[in-house]
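Student: Below is my_file10.txt; it holds compact mmCIF, C-alpha atoms and all ligand atoms.
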```
# COMPACT_ATOMS: atom_id res chain seq x y z
CA MET A 1 0.00 0.00 0.00
CA ALA A 2 1.03 3.57 -0.53
CA SER A 3 2.04 5.67 2.49
CA THR A 4 -0.60 6.34 5.15
CA ASN A 5 -2.03 9.79 5.79
CA ASP A 6 0.00 9.95 9.02
CA GLN A 7 3.21 9.07 7.25
CA LEU A 8 2.63 11.60 4.48
CA PHE A 9 1.74 14.32 6.96
CA ALA A 10 4.94 13.66 8.89
CA ARG A 11 7.03 13.68 5.72
CA GLY A 12 5.21 16.69 4.30
CA ARG A 13 5.72 18.77 7.43
CA LYS A 14 9.47 18.37 7.08
CA VAL A 15 9.60 19.91 3.63
CA ILE A 16 6.40 21.96 3.26
CA PRO A 17 5.28 24.57 5.83
CA GLY A 18 2.53 22.87 7.84
CA GLY A 19 2.70 19.95 5.43
CA VAL A 20 0.27 21.61 3.02
CA ASN A 21 0.29 24.01 0.10
CA SER A 22 -2.73 26.04 1.25
CA PRO A 23 -3.43 26.60 4.95
CA VAL A 24 -7.01 25.34 5.41
CA ARG A 25 -5.91 21.91 4.20
CA ALA A 26 -3.82 21.41 7.36
CA TYR A 27 -6.90 20.72 9.55
CA GLN A 28 -5.52 23.12 12.15
CA ALA A 29 -8.98 24.34 13.16
CA VAL A 30 -10.43 20.86 13.56
CA GLY A 31 -7.33 18.93 14.62
CA GLY A 32 -6.23 15.57 13.29
CA VAL A 33 -4.47 14.42 10.18
CA PRO A 34 -5.39 15.70 6.71
CA ARG A 35 -6.40 13.11 4.15
CA PHE A 36 -3.83 12.93 1.38
CA LEU A 37 -5.99 12.36 -1.66
CA ARG A 38 -5.00 10.12 -4.47
CA ARG A 39 -7.86 10.09 -6.92
CA ALA A 40 -11.38 11.37 -7.42
CA SER A 41 -14.35 10.47 -9.57
CA GLY A 42 -17.88 11.90 -9.65
CA PRO A 43 -18.92 12.77 -6.07
CA TYR A 44 -16.13 10.71 -4.48
CA VAL A 45 -12.51 11.20 -3.46
CA TRP A 46 -10.14 8.46 -2.25
CA ASP A 47 -7.16 8.89 0.01
CA GLY A 48 -3.90 6.96 -0.34
CA GLU A 49 -5.12 4.41 2.21
CA GLY A 50 -7.93 3.48 -0.14
CA THR A 51 -10.74 5.05 1.90
CA ARG A 52 -13.54 6.56 -0.15
CA TYR A 53 -15.35 9.75 0.86
CA ILE A 54 -18.40 11.57 -0.47
CA ASP A 55 -16.84 14.92 -1.24
CA TYR A 56 -18.46 18.29 -0.44
CA VAL A 57 -15.29 20.31 -0.99
CA GLY A 58 -15.16 19.75 -4.75
CA SER A 59 -11.67 21.22 -4.99
CA TRP A 60 -13.18 24.30 -3.29
CA GLY A 61 -15.60 24.88 -6.13
CA PRO A 62 -14.35 23.84 -9.55
CA ALA A 63 -15.77 20.30 -9.53
CA VAL A 64 -19.33 21.24 -10.47
CA LEU A 65 -19.55 18.32 -12.91
CA GLY A 66 -18.21 15.92 -10.32
CA HIS A 67 -14.57 14.89 -10.38
CA ALA A 68 -12.80 13.78 -13.55
CA HIS A 69 -15.70 14.08 -15.98
CA PRO A 70 -14.67 11.93 -18.98
CA ASP A 71 -15.25 14.72 -21.53
CA VAL A 72 -13.12 17.17 -19.55
CA VAL A 73 -10.37 14.60 -19.08
CA GLN A 74 -10.45 13.82 -22.81
CA ALA A 75 -10.21 17.54 -23.68
CA VAL A 76 -7.22 17.88 -21.36
CA ARG A 77 -5.53 14.82 -22.89
CA GLN A 78 -6.01 16.14 -26.39
CA ALA A 79 -4.74 19.59 -25.52
CA ALA A 80 -1.71 18.16 -23.70
CA VAL A 81 -0.72 16.12 -26.73
CA ASP A 82 -0.77 19.30 -28.79
CA GLY A 83 1.55 21.15 -26.42
CA LEU A 84 1.54 22.10 -22.76
CA SER A 85 2.26 25.81 -22.98
CA PHE A 86 3.12 28.22 -25.75
CA GLY A 87 3.32 31.67 -24.21
CA ALA A 88 1.61 32.86 -27.38
CA PRO A 89 -2.01 33.47 -28.35
CA THR A 90 -4.21 30.51 -29.31
CA GLU A 91 -7.55 30.04 -31.01
CA ALA A 92 -8.91 28.21 -27.96
CA GLU A 93 -8.34 31.17 -25.64
CA VAL A 94 -10.27 33.41 -28.02
CA VAL A 95 -13.09 30.85 -28.01
CA LEU A 96 -13.07 30.77 -24.19
CA ALA A 97 -13.13 34.57 -23.96
CA GLU A 98 -16.05 34.59 -26.42
CA ALA A 99 -17.80 31.89 -24.39
CA LEU A 100 -17.45 33.89 -21.17
CA ALA A 101 -18.57 37.15 -22.79
CA ALA A 102 -21.57 35.40 -24.38
CA ARG A 103 -22.68 34.04 -21.01
CA LEU A 104 -22.12 37.12 -18.85
CA PRO A 105 -23.44 40.28 -20.52
CA SER A 106 -21.32 42.50 -18.23
CA LEU A 107 -18.11 41.01 -19.69
CA GLU A 108 -17.46 43.13 -22.75
CA GLN A 109 -13.81 42.15 -22.62
CA VAL A 110 -12.04 39.58 -20.53
CA ARG A 111 -8.45 38.64 -19.77
CA LEU A 112 -7.41 35.14 -18.72
CA VAL A 113 -5.03 34.60 -15.80
CA SER A 114 -4.04 31.57 -13.74
CA SER A 115 -5.63 32.03 -10.29
CA GLY A 116 -8.38 33.88 -8.50
CA THR A 117 -5.77 35.85 -6.59
CA GLU A 118 -4.29 37.11 -9.84
CA ALA A 119 -7.75 38.02 -11.11
CA THR A 120 -8.74 40.12 -8.08
CA MET A 121 -5.30 41.69 -7.71
CA SER A 122 -5.35 42.73 -11.38
CA ALA A 123 -8.94 43.99 -11.22
CA ILE A 124 -8.07 46.22 -8.26
CA ARG A 125 -5.00 47.60 -10.01
CA LEU A 126 -7.11 48.26 -13.09
CA ALA A 127 -9.80 50.03 -11.05
CA ARG A 128 -7.16 52.26 -9.47
CA GLY A 129 -5.50 52.90 -12.82
CA TYR A 130 -8.80 53.70 -14.52
CA THR A 131 -10.17 56.02 -11.85
CA GLY A 132 -6.89 57.50 -10.68
CA ARG A 133 -8.10 56.97 -7.10
CA PRO A 134 -6.29 55.08 -4.34
CA LYS A 135 -8.96 53.66 -2.01
CA LEU A 136 -10.96 50.46 -2.14
CA ILE A 137 -13.81 49.09 -0.08
CA LYS A 138 -13.90 45.44 0.90
CA PHE A 139 -16.08 43.65 3.42
CA GLU A 140 -15.15 41.88 6.61
CA GLY A 141 -15.06 38.11 6.14
CA CYS A 142 -14.86 38.33 2.36
CA TYR A 143 -11.76 36.76 0.89
CA HIS A 144 -10.43 37.84 -2.47
CA GLY A 145 -7.19 35.92 -2.67
CA HIS A 146 -3.93 36.81 -1.02
CA ALA A 147 -2.86 40.08 -2.64
CA ASP A 148 -1.47 42.51 -0.03
CA SER A 149 -4.16 45.19 -0.11
CA LEU A 150 -6.92 42.56 0.30
CA LEU A 151 -5.53 40.68 3.30
CA VAL A 152 -7.40 42.76 5.85
CA LYS A 153 -10.12 41.15 7.95
CA ALA A 154 -10.28 38.49 5.29
CA GLY A 155 -12.18 35.22 5.45
CA SER A 156 -11.19 31.71 4.41
CA GLY A 157 -7.88 30.44 5.80
CA LEU A 158 -7.12 33.62 7.71
CA LEU A 159 -10.41 33.47 9.54
CA THR A 160 -10.05 29.73 10.05
CA LEU A 161 -6.67 30.23 11.69
CA GLY A 162 -7.98 33.13 13.75
CA HIS A 163 -5.73 35.93 12.51
CA PRO A 164 -7.65 37.68 9.74
CA ASP A 165 -4.83 40.14 8.92
CA SER A 166 -1.57 38.80 7.52
CA ALA A 167 1.91 39.59 8.78
CA GLY A 168 4.23 40.86 6.09
CA VAL A 169 1.83 43.46 4.76
CA PRO A 170 3.24 46.91 5.50
CA ARG A 171 0.72 49.40 6.86
CA ALA A 172 1.21 51.56 3.80
CA PHE A 173 -0.14 48.77 1.59
CA ILE A 174 -3.48 48.71 3.37
CA GLU A 175 -3.91 52.34 4.34
CA HIS A 176 -6.23 52.73 1.38
CA THR A 177 -8.29 49.61 2.14
CA LEU A 178 -11.58 50.45 3.88
CA VAL A 179 -13.08 47.39 5.55
CA LEU A 180 -16.82 47.53 6.14
CA GLY A 181 -19.50 45.15 7.40
CA TYR A 182 -21.04 42.74 4.89
CA ASN A 183 -24.71 43.65 4.40
CA ASP A 184 -24.23 46.99 6.17
CA LEU A 185 -25.28 49.43 3.48
CA ASP A 186 -25.39 52.36 5.90
CA GLY A 187 -21.71 51.81 6.60
CA VAL A 188 -21.00 51.97 2.88
CA ARG A 189 -23.05 55.16 2.52
CA GLU A 190 -21.06 56.73 5.32
CA ALA A 191 -17.74 55.73 3.74
CA PHE A 192 -18.81 57.35 0.48
CA VAL A 193 -19.77 60.55 2.30
CA ARG A 194 -16.30 60.71 3.85
CA HIS A 195 -14.14 59.41 1.01
CA GLY A 196 -16.38 59.29 -2.10
CA ASP A 197 -14.01 60.97 -4.55
CA GLN A 198 -11.13 58.78 -3.39
CA ILE A 199 -12.75 55.36 -3.76
CA ALA A 200 -11.62 53.49 -6.88
CA CYS A 201 -13.70 50.39 -6.33
CA VAL A 202 -15.92 48.31 -4.11
CA ILE A 203 -15.06 44.62 -4.27
CA VAL A 204 -17.58 42.13 -2.93
CA GLU A 205 -18.43 38.45 -2.96
CA PRO A 206 -22.04 38.81 -4.13
CA ILE A 207 -22.79 35.71 -2.08
CA ALA A 208 -20.14 35.40 0.59
CA GLY A 209 -18.51 31.97 0.66
CA ASN A 210 -15.34 32.49 2.64
CA MET A 211 -16.84 33.09 6.08
CA ASN A 212 -19.16 30.16 5.42
CA LEU A 213 -22.06 31.01 3.11
CA VAL A 214 -23.76 34.36 3.83
CA ARG A 215 -26.43 35.67 1.47
CA PRO A 216 -26.56 39.33 0.53
CA ALA A 217 -29.41 41.07 2.36
CA PRO A 218 -32.23 42.33 0.12
CA GLY A 219 -31.12 45.67 -1.34
CA PHE A 220 -27.46 45.35 -0.35
CA LEU A 221 -26.05 44.66 -3.81
CA ASP A 222 -28.47 47.11 -5.47
CA GLY A 223 -27.37 49.71 -2.95
CA LEU A 224 -23.71 49.10 -3.80
CA ARG A 225 -24.52 49.45 -7.49
CA GLU A 226 -26.29 52.77 -6.94
CA LEU A 227 -23.58 54.21 -4.71
CA CYS A 228 -20.81 53.18 -7.10
CA THR A 229 -22.61 54.68 -10.07
CA ALA A 230 -23.30 57.91 -8.21
CA HIS A 231 -19.65 58.31 -7.18
CA GLY A 232 -17.84 57.12 -10.33
CA THR A 233 -16.54 54.12 -8.39
CA LEU A 234 -16.17 50.72 -10.05
CA LEU A 235 -18.20 47.83 -8.64
CA ILE A 236 -16.26 44.56 -8.74
CA PHE A 237 -18.13 41.30 -8.23
CA ASP A 238 -15.75 38.59 -7.11
CA GLU A 239 -17.48 35.61 -8.70
CA VAL A 240 -14.52 33.25 -8.44
CA MET A 241 -16.72 31.04 -6.29
CA THR A 242 -20.23 31.92 -7.47
CA GLY A 243 -19.53 32.17 -11.22
CA PHE A 244 -21.46 29.44 -13.09
CA ARG A 245 -22.17 27.78 -9.73
CA VAL A 246 -25.18 29.67 -8.42
CA GLY A 247 -26.73 29.96 -11.88
CA PRO A 248 -25.84 30.14 -15.57
CA GLN A 249 -24.94 33.82 -15.20
CA GLY A 250 -23.53 33.60 -11.71
CA ALA A 251 -24.70 35.86 -8.91
CA GLN A 252 -25.00 38.85 -11.23
CA GLY A 253 -27.61 36.96 -13.27
CA LEU A 254 -29.36 35.76 -10.14
CA PHE A 255 -29.70 39.24 -8.67
CA GLY A 256 -29.96 41.17 -11.95
CA ILE A 257 -27.02 43.46 -11.25
CA ARG A 258 -24.39 44.53 -13.76
CA PRO A 259 -21.00 45.04 -12.11
CA ASP A 260 -18.32 47.09 -13.84
CA LEU A 261 -15.76 44.32 -13.41
CA THR A 262 -16.07 40.64 -12.56
CA THR A 263 -13.48 38.14 -11.40
CA LEU A 264 -13.90 34.48 -12.24
CA GLY A 265 -12.00 31.26 -11.51
CA LYS A 266 -12.65 27.72 -10.29
CA ILE A 267 -15.39 26.41 -12.66
CA ILE A 268 -14.08 28.26 -15.72
CA GLY A 269 -10.88 26.22 -15.44
CA GLY A 270 -12.69 22.92 -14.97
CA GLY A 271 -10.21 21.90 -12.26
CA MET A 272 -7.13 23.38 -13.93
CA PRO A 273 -5.40 26.63 -12.87
CA LEU A 274 -7.35 29.23 -14.81
CA ALA A 275 -9.14 32.43 -13.81
CA ALA A 276 -10.22 35.65 -15.48
CA PHE A 277 -11.21 39.23 -14.95
CA GLY A 278 -13.35 41.26 -17.28
CA GLY A 279 -16.02 43.86 -17.64
CA ARG A 280 -16.64 47.24 -19.25
CA ARG A 281 -14.76 47.73 -22.49
CA ASP A 282 -13.70 51.31 -21.66
CA VAL A 283 -12.19 50.02 -18.41
CA MET A 284 -10.57 46.88 -19.82
CA GLU A 285 -8.97 48.91 -22.59
CA ARG A 286 -6.81 50.58 -19.96
CA ILE A 287 -4.82 47.35 -19.65
CA ALA A 288 -1.47 46.91 -21.41
CA PRO A 289 -0.83 46.78 -24.33
CA LEU A 290 -3.75 49.16 -25.01
CA GLY A 291 -3.39 51.20 -21.83
CA PRO A 292 -0.99 51.97 -19.01
CA VAL A 293 -2.17 49.39 -16.43
CA TYR A 294 0.27 46.50 -16.51
CA GLN A 295 -0.70 42.85 -16.15
CA ALA A 296 0.95 39.77 -17.67
CA GLY A 297 1.57 36.04 -17.14
CA THR A 298 3.61 33.30 -18.79
CA LEU A 299 0.89 30.72 -18.16
CA SER A 300 -2.08 33.05 -18.80
CA GLY A 301 -4.47 31.33 -21.20
CA ASN A 302 -2.59 28.06 -20.81
CA PRO A 303 -3.94 25.73 -23.54
CA VAL A 304 -4.52 22.71 -21.30
CA ALA A 305 -6.42 24.78 -18.72
CA VAL A 306 -8.41 26.51 -21.45
CA ALA A 307 -9.41 23.13 -22.89
CA ALA A 308 -10.67 21.98 -19.47
CA GLY A 309 -12.59 25.22 -19.01
CA LEU A 310 -14.23 25.08 -22.44
CA ALA A 311 -15.27 21.45 -22.01
CA THR A 312 -16.75 22.30 -18.61
CA LEU A 313 -18.71 25.29 -19.85
CA ARG A 314 -20.15 23.23 -22.71
CA LEU A 315 -21.35 20.55 -20.30
CA ILE A 316 -23.01 22.95 -17.87
CA ASP A 317 -24.94 24.44 -20.80
CA ALA A 318 -27.07 21.27 -20.78
CA PRO A 319 -30.75 22.22 -20.37
CA GLY A 320 -31.83 22.19 -16.73
CA PHE A 321 -28.27 21.78 -15.40
CA HIS A 322 -28.42 24.56 -12.83
CA GLU A 323 -31.97 23.71 -11.79
CA ARG A 324 -30.89 20.14 -11.04
CA LEU A 325 -27.77 21.31 -9.22
CA ALA A 326 -29.85 23.67 -7.07
CA ALA A 327 -32.45 21.00 -6.37
CA GLN A 328 -29.78 18.55 -5.16
CA THR A 329 -28.24 21.25 -2.99
CA GLN A 330 -31.64 22.01 -1.48
CA ARG A 331 -32.19 18.32 -0.77
CA LEU A 332 -28.96 18.38 1.23
CA VAL A 333 -29.74 21.68 2.98
CA VAL A 334 -33.26 20.70 3.99
CA GLY A 335 -31.97 17.33 5.13
CA LEU A 336 -29.19 18.84 7.24
CA ARG A 337 -31.67 21.12 9.01
CA GLU A 338 -33.98 18.20 9.65
CA CYS A 339 -31.16 16.04 11.00
CA GLY A 340 -30.19 18.85 13.37
CA ARG A 341 -33.78 19.28 14.53
CA ARG A 342 -34.26 15.58 15.18
CA ALA A 343 -31.00 15.32 17.10
CA GLY A 344 -31.79 18.45 19.12
CA VAL A 345 -28.56 20.08 17.94
CA PRO A 346 -28.64 23.76 16.93
CA LEU A 347 -27.66 23.28 13.30
CA SER A 348 -28.85 25.48 10.47
CA ALA A 349 -28.09 25.30 6.77
CA ASP A 350 -28.55 27.41 3.68
CA GLY A 351 -27.84 26.95 0.00
CA VAL A 352 -27.82 28.93 -3.23
CA GLY A 353 -27.45 27.11 -6.54
CA GLY A 354 -24.68 24.56 -6.04
CA MET A 355 -23.12 25.99 -2.89
CA PHE A 356 -24.19 25.66 0.73
CA GLY A 357 -23.40 26.56 4.29
CA LEU A 358 -23.92 24.55 7.46
CA TYR A 359 -23.76 26.43 10.74
CA PHE A 360 -23.65 25.30 14.33
CA ARG A 361 -26.12 27.97 15.38
CA ALA A 362 -29.91 28.20 15.35
CA HIS A 363 -30.31 30.34 12.20
CA ALA A 364 -28.34 30.96 9.04
CA PRO A 365 -26.12 34.03 9.54
CA ALA A 366 -26.72 37.38 7.85
CA SER A 367 -23.49 39.11 8.87
CA PHE A 368 -19.86 38.47 9.71
CA ALA A 369 -20.66 38.71 13.43
CA GLU A 370 -23.34 36.04 13.09
CA ALA A 371 -21.24 33.86 10.79
CA THR A 372 -18.50 33.74 13.41
CA ALA A 373 -20.86 33.20 16.36
CA VAL A 374 -20.96 29.44 15.88
CA ASP A 375 -20.06 26.49 18.08
CA LEU A 376 -16.58 25.62 16.84
CA ASN A 377 -16.17 22.62 19.15
CA ALA A 378 -19.40 21.14 17.88
CA PHE A 379 -18.24 21.75 14.32
CA ALA A 380 -14.91 19.99 14.91
CA ALA A 381 -16.65 16.98 16.49
CA PHE A 382 -19.16 16.91 13.62
CA PHE A 383 -16.42 17.19 11.02
CA HIS A 384 -14.47 14.25 12.41
CA GLY A 385 -17.61 12.18 12.97
CA CYS A 386 -18.54 12.66 9.31
CA LEU A 387 -15.00 12.03 8.09
CA SER A 388 -14.80 8.74 9.95
CA ARG A 389 -18.05 7.73 8.22
CA GLY A 390 -16.81 8.63 4.76
CA ILE A 391 -18.24 12.14 4.39
CA TYR A 392 -15.73 14.83 3.48
CA PHE A 393 -16.85 18.34 4.46
CA ALA A 394 -14.51 21.35 4.47
CA PRO A 395 -12.20 21.24 7.52
CA SER A 396 -13.30 24.70 8.58
CA ALA A 397 -16.49 26.23 9.96
CA PHE A 398 -15.81 29.24 7.73
CA GLU A 399 -15.90 27.77 4.25
CA ALA A 400 -18.89 27.17 1.99
CA GLY A 401 -19.56 23.63 0.80
CA PHE A 402 -20.01 22.53 -2.80
CA VAL A 403 -22.37 20.07 -4.47
CA SER A 404 -21.78 18.63 -7.94
CA ILE A 405 -24.25 17.40 -10.50
CA THR A 406 -23.14 13.84 -9.63
CA HIS A 407 -24.41 14.22 -6.05
CA ASP A 408 -27.65 12.44 -6.87
CA ASP A 409 -30.49 11.54 -4.48
CA ASP A 410 -28.78 8.36 -3.39
CA VAL A 411 -25.48 10.10 -2.58
CA ILE A 412 -27.21 12.84 -0.64
CA ASP A 413 -29.47 10.48 1.26
CA ARG A 414 -26.49 8.34 2.25
CA THR A 415 -24.79 11.52 3.43
CA LEU A 416 -27.79 12.49 5.52
CA ALA A 417 -28.06 9.06 7.11
CA GLU A 418 -24.45 9.37 8.28
CA VAL A 419 -24.89 13.00 9.35
CA SER A 420 -27.91 11.97 11.36
CA ASP A 421 -25.93 9.36 13.28
CA VAL A 422 -23.09 11.79 13.86
CA LEU A 423 -25.46 14.43 15.24
CA LEU A 424 -27.23 11.95 17.48
CA THR A 425 -23.88 10.84 18.88
CA LEU A 426 -22.92 14.47 19.37
CA ALA A 427 -26.21 15.20 21.13
CA ARG A 428 -25.80 12.18 23.41
CA SER A 429 -22.25 13.09 24.30
CA ARG A 430 -23.51 16.51 25.33
CA ALA A 431 -26.54 14.97 27.02
CA ALA A 432 -28.78 17.17 24.94
CA PRO A 433 -32.44 16.73 25.81
CA GLU A 434 -34.93 16.08 23.04
CA ALA A 435 -32.56 13.89 21.01
CA GLY A 436 -35.02 12.20 18.69
CA GLY A 437 -34.83 9.34 16.21
CA ARG A 438 -32.48 8.76 13.31
CA CYS A 439 -33.18 10.91 10.31
CA SER A 440 -33.87 8.82 7.20
CA ALA A 441 -34.13 9.80 3.57
CA GLY A 442 -37.88 9.21 3.54
CA MET A 443 -38.44 11.95 6.13
CA LEU A 444 -36.78 14.46 3.92
CA ARG A 445 -39.05 14.27 0.93
N1 LIG B 1 -8.99 29.51 0.20
C1 LIG B 1 -9.60 28.37 -0.38
C2 LIG B 1 -11.02 28.19 0.04
N2 LIG B 1 -11.80 29.36 0.13
C3 LIG B 1 -8.86 27.12 -0.06
C4 LIG B 1 -7.98 26.76 -1.15
C5 LIG B 1 -7.31 25.41 -0.98
O1 LIG B 1 -6.88 25.07 0.10
O2 LIG B 1 -7.19 24.73 -1.98
```
Output the structure of this file as structure tokens.
Ligand code: HOZ
Tutor:
Amino acid sequence: MASTNDQLFARGRKVIPGGVNSPVRAYQAVGGVPRFLRRASGPYVWDGEGTRYIDYVGSWGPAVLGHAHPDVVQAVRQAAVDGLSFGAPTEAEVVLAEALAARLPSLEQVRLVSSGTEATMSAIRLARGYTGRPKLIKFEGCYHGHADSLLVKAGSGLLTLGHPDSAGVPRAFIEHTLVLGYNDLDGVREAFVRHGDQIACVIVEPIAGNMNLVRPAPGFLDGLRELCTAHGTLLIFDEVMTGFRVGPQGAQGLFGIRPDLTTLGKIIGGGMPLAAFGGRRDVMERIAPLGPVYQAGTLSGNPVAVAAGLATLRLIDAPGFHERLAAQTQRLVVGLRECGRRAGVPLSADGVGGMFGLYFRAHAPASFAEATAVDLNAFAAFFHGCLSRGIYFAPSAFEAGFVSITHDDDVIDRTLAEVSDVLLTLARSRAAPEAGGRCSAGMLR
């Protein structure tokens, strides 16, 4: 047999900081040993010990078709045979840019990059270059990758590890970053009164997914749109997570809002390193070589990643795809709530399109303060209970979960049966009153 998870973690920690290449993977918030994955197919992942898990991480979002869809794998194979990287333009990247622009009306022009971090970092630079203004507004608990000016009160790994600002970011780099409360439109109004003519952009996750899932309050995104328009500030929707996951036109289609710039990643690369930023033509034309805002990348538009992205977009165009994805997600969400209720454990859940949140609190959160007011010990016990029963949720109470189109009724019902047992065990160990019977699939229909 290959090495065990324990062995790999021990070896990894000697040569890789924390044994992982991205902090949340280290299980620091939940304790224990990360699973070192070896292969994945459909809704399942397998670790090197041969244990199979139903996967709700989905590579943190890209795996909307399930893992290793044969058509995507075939497209990657074909592209690889033709050459791994050219550092020159290709027909396929033009086709992908056209495909993105055709699907998102706000994308008049788009540039391909290799990661979500690159996309947001470049979009912010572009907004500053276009407006000639220094300041930006971001929201507490939103995570937009790890560029310096965005690592303030950020979500995701920083929140998981409990230090939401990063060391190594000089004060000067963040003096122009205004951090406001998610869903607090009054706070945004106030910031515009004080700094309106200095604010280059507002960047927002239109559905927050990096402090767990938090929906935008009614009127919040519309309010941002109005304020930005009134003040000549660019509105940037960070749809790296939500793009093509919460609907065929992402969150902007769902809420009917046209941002000035959009960042994309995850699904558009079909599991390969590919991301993009795009938007208004007059803004995008400020980028080099047309304009003075510099941005470049050796692997930008990489042909193998572009092939995976194109194959993925074609497959999610299938009629009814997003409706089915949302229905499966709702089956999970409703089931999770019901399992919590029956076990007498304060567990709430919410879902939009193919992403969901589960919260160890009585109601789904509407703010950063609520999203972080959860029972972290209960989450850690739940996480490990599920893991030991073959259910792989994110190892953090502050990450959204992801459903794929291959998470069918059977997969979700098997998940819920295990979740139910885990919650009942949790309730018993805490001597919770009212712990009821096991939650079965039939109850959830
Ligand atoms: N920051 C990512 C989730 N929001 C995690 C990336 C990873 O560990 O792969």
Student: Show me which residues sit within 9 Å of ligand LIG 1 (chain B) when counting only C-alpha atoms and all ligand atoms, and put them as a PyMOL selection string.
Tutor: chain A and resi 20-26+59-61+143-146+155-158+209-211+241+394+398-400
Student: When you draw a straight line from CA of Ala97 (chain A) to CA of Ala251 (chain A), how long is it in Å?
Tutor: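 For CA of Ala97 (chain A) relative to CA of Ala251 (chain A), the distance reads 19.0 Å.
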Student: For CA of Gly18 (chain A) and CA of Gly270 (chain A), quote the distance in Å rounded to one decimal.
Tutor: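 Between CA of Gly18 (chain A) and CA of Gly270 (chain A) the gap works out to 27.4 Å.
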Student: Determine the nearest neighbour of Arg125 (chain A) from the options A:Leu235, A:Val57, A:Cys201, A:Val374, counting all atoms listed in the file.
Tutor: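 Closest residue, counting all atoms listed in the file: A:Cys201.
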Student: Which is closest to Asp421 (chain A) among A:Val45, A:Leu227, A:Val214, A:Cys339, if we use all atoms listed in the file?
Tutor: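 Among the listed residues, the smallest separation from Asp421 (chain A) belongs to A:Cys339.
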Student: Would you please work out which residue, of A:Val419, A:Ala349, A:Ile391, A:Leu213, is nearest to Pro43 (chain A) when using all atoms listed in the file?
Tutor: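 Ranked by minimum distance to Pro43 (chain A), first place goes to A:Ile391.
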Student: Considering only C-alpha atoms, can you say which of A:Phe36, A:Phe379, A:Tyr392, A:Phe244 comes closest to Gly353 (chain A)?
Tutor: A:Phe244
Student: Write out as a ChimeraX atom specification each polymer residue whose atoms come within 7 Å of Ser115 (chain A), counting all atoms listed in the file; drop sequence neighbours fewer than 6 positions from it.
Tutor: /A:265,273-275
Student: For Leu136 (chain A), please output as a list in words all residues within 6 Å (counting only C-alpha atoms; exclusion window: fewer than 6 positions along the same chain).
Tutor: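 My reading of the contact set: Thr177, Ile199, Ala200, Cys201 and Val202 of chain A.
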Student: Store the residues of this selection in a file with C-alpha atoms, as a CSV table (one decimal), in the coordinates of the input.
Tutor:
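Resulting contents of selection-v7.csv:
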```
chain,number,residue,atom,x,y,z
A,177,THR,CA,-8.3,49.6,2.1
A,199,ILE,CA,-12.8,55.4,-3.8
A,200,ALA,CA,-11.6,53.5,-6.9
A,201,CYS,CA,-13.7,50.4,-6.3
A,202,VAL,CA,-15.9,48.3,-4.1
```
Student: Give me, as a PDB file with C-alpha atoms, in the frame of the given file, all polymer residues having an atom no more than 10 Å from Ala191 (chain A), counting only C-alpha atoms and skipping those fewer than 3 positions away in the same chain.
Tutor:
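Final output, saved to selection_1.pdb:
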```
ATOM      1  CA  ILE A 137     -13.810  49.090  -0.080  1.00  0.00           C
ATOM      2  CA  LEU A 178     -11.580  50.450   3.880  1.00  0.00           C
ATOM      3  CA  VAL A 179     -13.080  47.390   5.550  1.00  0.00           C
ATOM      4  CA  LEU A 180     -16.820  47.530   6.140  1.00  0.00           C
ATOM      5  CA  LEU A 185     -25.280  49.430   3.480  1.00  0.00           C
ATOM      6  CA  ASP A 186     -25.390  52.360   5.900  1.00  0.00           C
ATOM      7  CA  GLY A 187     -21.710  51.810   6.600  1.00  0.00           C
ATOM      8  CA  VAL A 188     -21.000  51.970   2.880  1.00  0.00           C
ATOM      9  CA  ARG A 194     -16.300  60.710   3.850  1.00  0.00           C
ATOM     10  CA  HIS A 195     -14.140  59.410   1.010  1.00  0.00           C
ATOM     11  CA  GLY A 196     -16.380  59.290  -2.100  1.00  0.00           C
ATOM     12  CA  ILE A 199     -12.750  55.360  -3.760  1.00  0.00           C
TER      13      ILE A 199
END
```
Student: What are the closest atom pairs, with distances in Å to one decimal, for each residue of region 102-136 of chain A lying within 10 Å of region 284-306 of chain A, using all atoms listed in the file, rows by chain and rising residue number, as JSON lines?
Tutor:
```
{"residue": "A:Leu107", "atom": "CA", "partner": "A:Met284", "partner_atom": "CA", "distance": 9.6}
{"residue": "A:Glu108", "atom": "CA", "partner": "A:Met284", "partner_atom": "CA", "distance": 8.4}
{"residue": "A:Gln109", "atom": "CA", "partner": "A:Met284", "partner_atom": "CA", "distance": 6.4}
{"residue": "A:Val110", "atom": "CA", "partner": "A:Met284", "partner_atom": "CA", "distance": 7.5}
{"residue": "A:Arg111", "atom": "CA", "partner": "A:Gly301", "partner_atom": "CA", "distance": 8.4}
{"residue": "A:Leu112", "atom": "CA", "partner": "A:Gly301", "partner_atom": "CA", "distance": 5.4}
{"residue": "A:Val113", "atom": "CA", "partner": "A:Ser300", "partner_atom": "CA", "distance": 4.5}
{"residue": "A:Ser114", "atom": "CA", "partner": "A:Ser300", "partner_atom": "CA", "distance": 5.6}
{"residue": "A:Ser115", "atom": "CA", "partner": "A:Ser300", "partner_atom": "CA", "distance": 9.3}
{"residue": "A:Glu118", "atom": "CA", "partner": "A:Gln295", "partner_atom": "CA", "distance": 9.3}
{"residue": "A:Ala119", "atom": "CA", "partner": "A:Gln295", "partner_atom": "CA", "distance": 9.9}
{"residue": "A:Met121", "atom": "CA", "partner": "A:Gln295", "partner_atom": "CA", "distance": 9.7}
{"residue": "A:Ser122", "atom": "CA", "partner": "A:Gln295", "partner_atom": "CA", "distance": 6.7}
{"residue": "A:Ala123", "atom": "CA", "partner": "A:Met284", "partner_atom": "CA", "distance": 9.2}
{"residue": "A:Arg125", "atom": "CA", "partner": "A:Val293", "partner_atom": "CA", "distance": 7.2}
{"residue": "A:Leu126", "atom": "CA", "partner": "A:Val293", "partner_atom": "CA", "distance": 6.1}
{"residue": "A:Ala127", "atom": "CA", "partner": "A:Met284", "partner_atom": "CA", "distance": 9.4}
{"residue": "A:Arg128", "atom": "CA", "partner": "A:Val293", "partner_atom": "CA", "distance": 9.0}
{"residue": "A:Gly129", "atom": "CA", "partner": "A:Val293", "partner_atom": "CA", "distance": 6.0}
{"residue": "A:Tyr130", "atom": "CA", "partner": "A:Arg286", "partner_atom": "CA", "distance": 6.6}
```
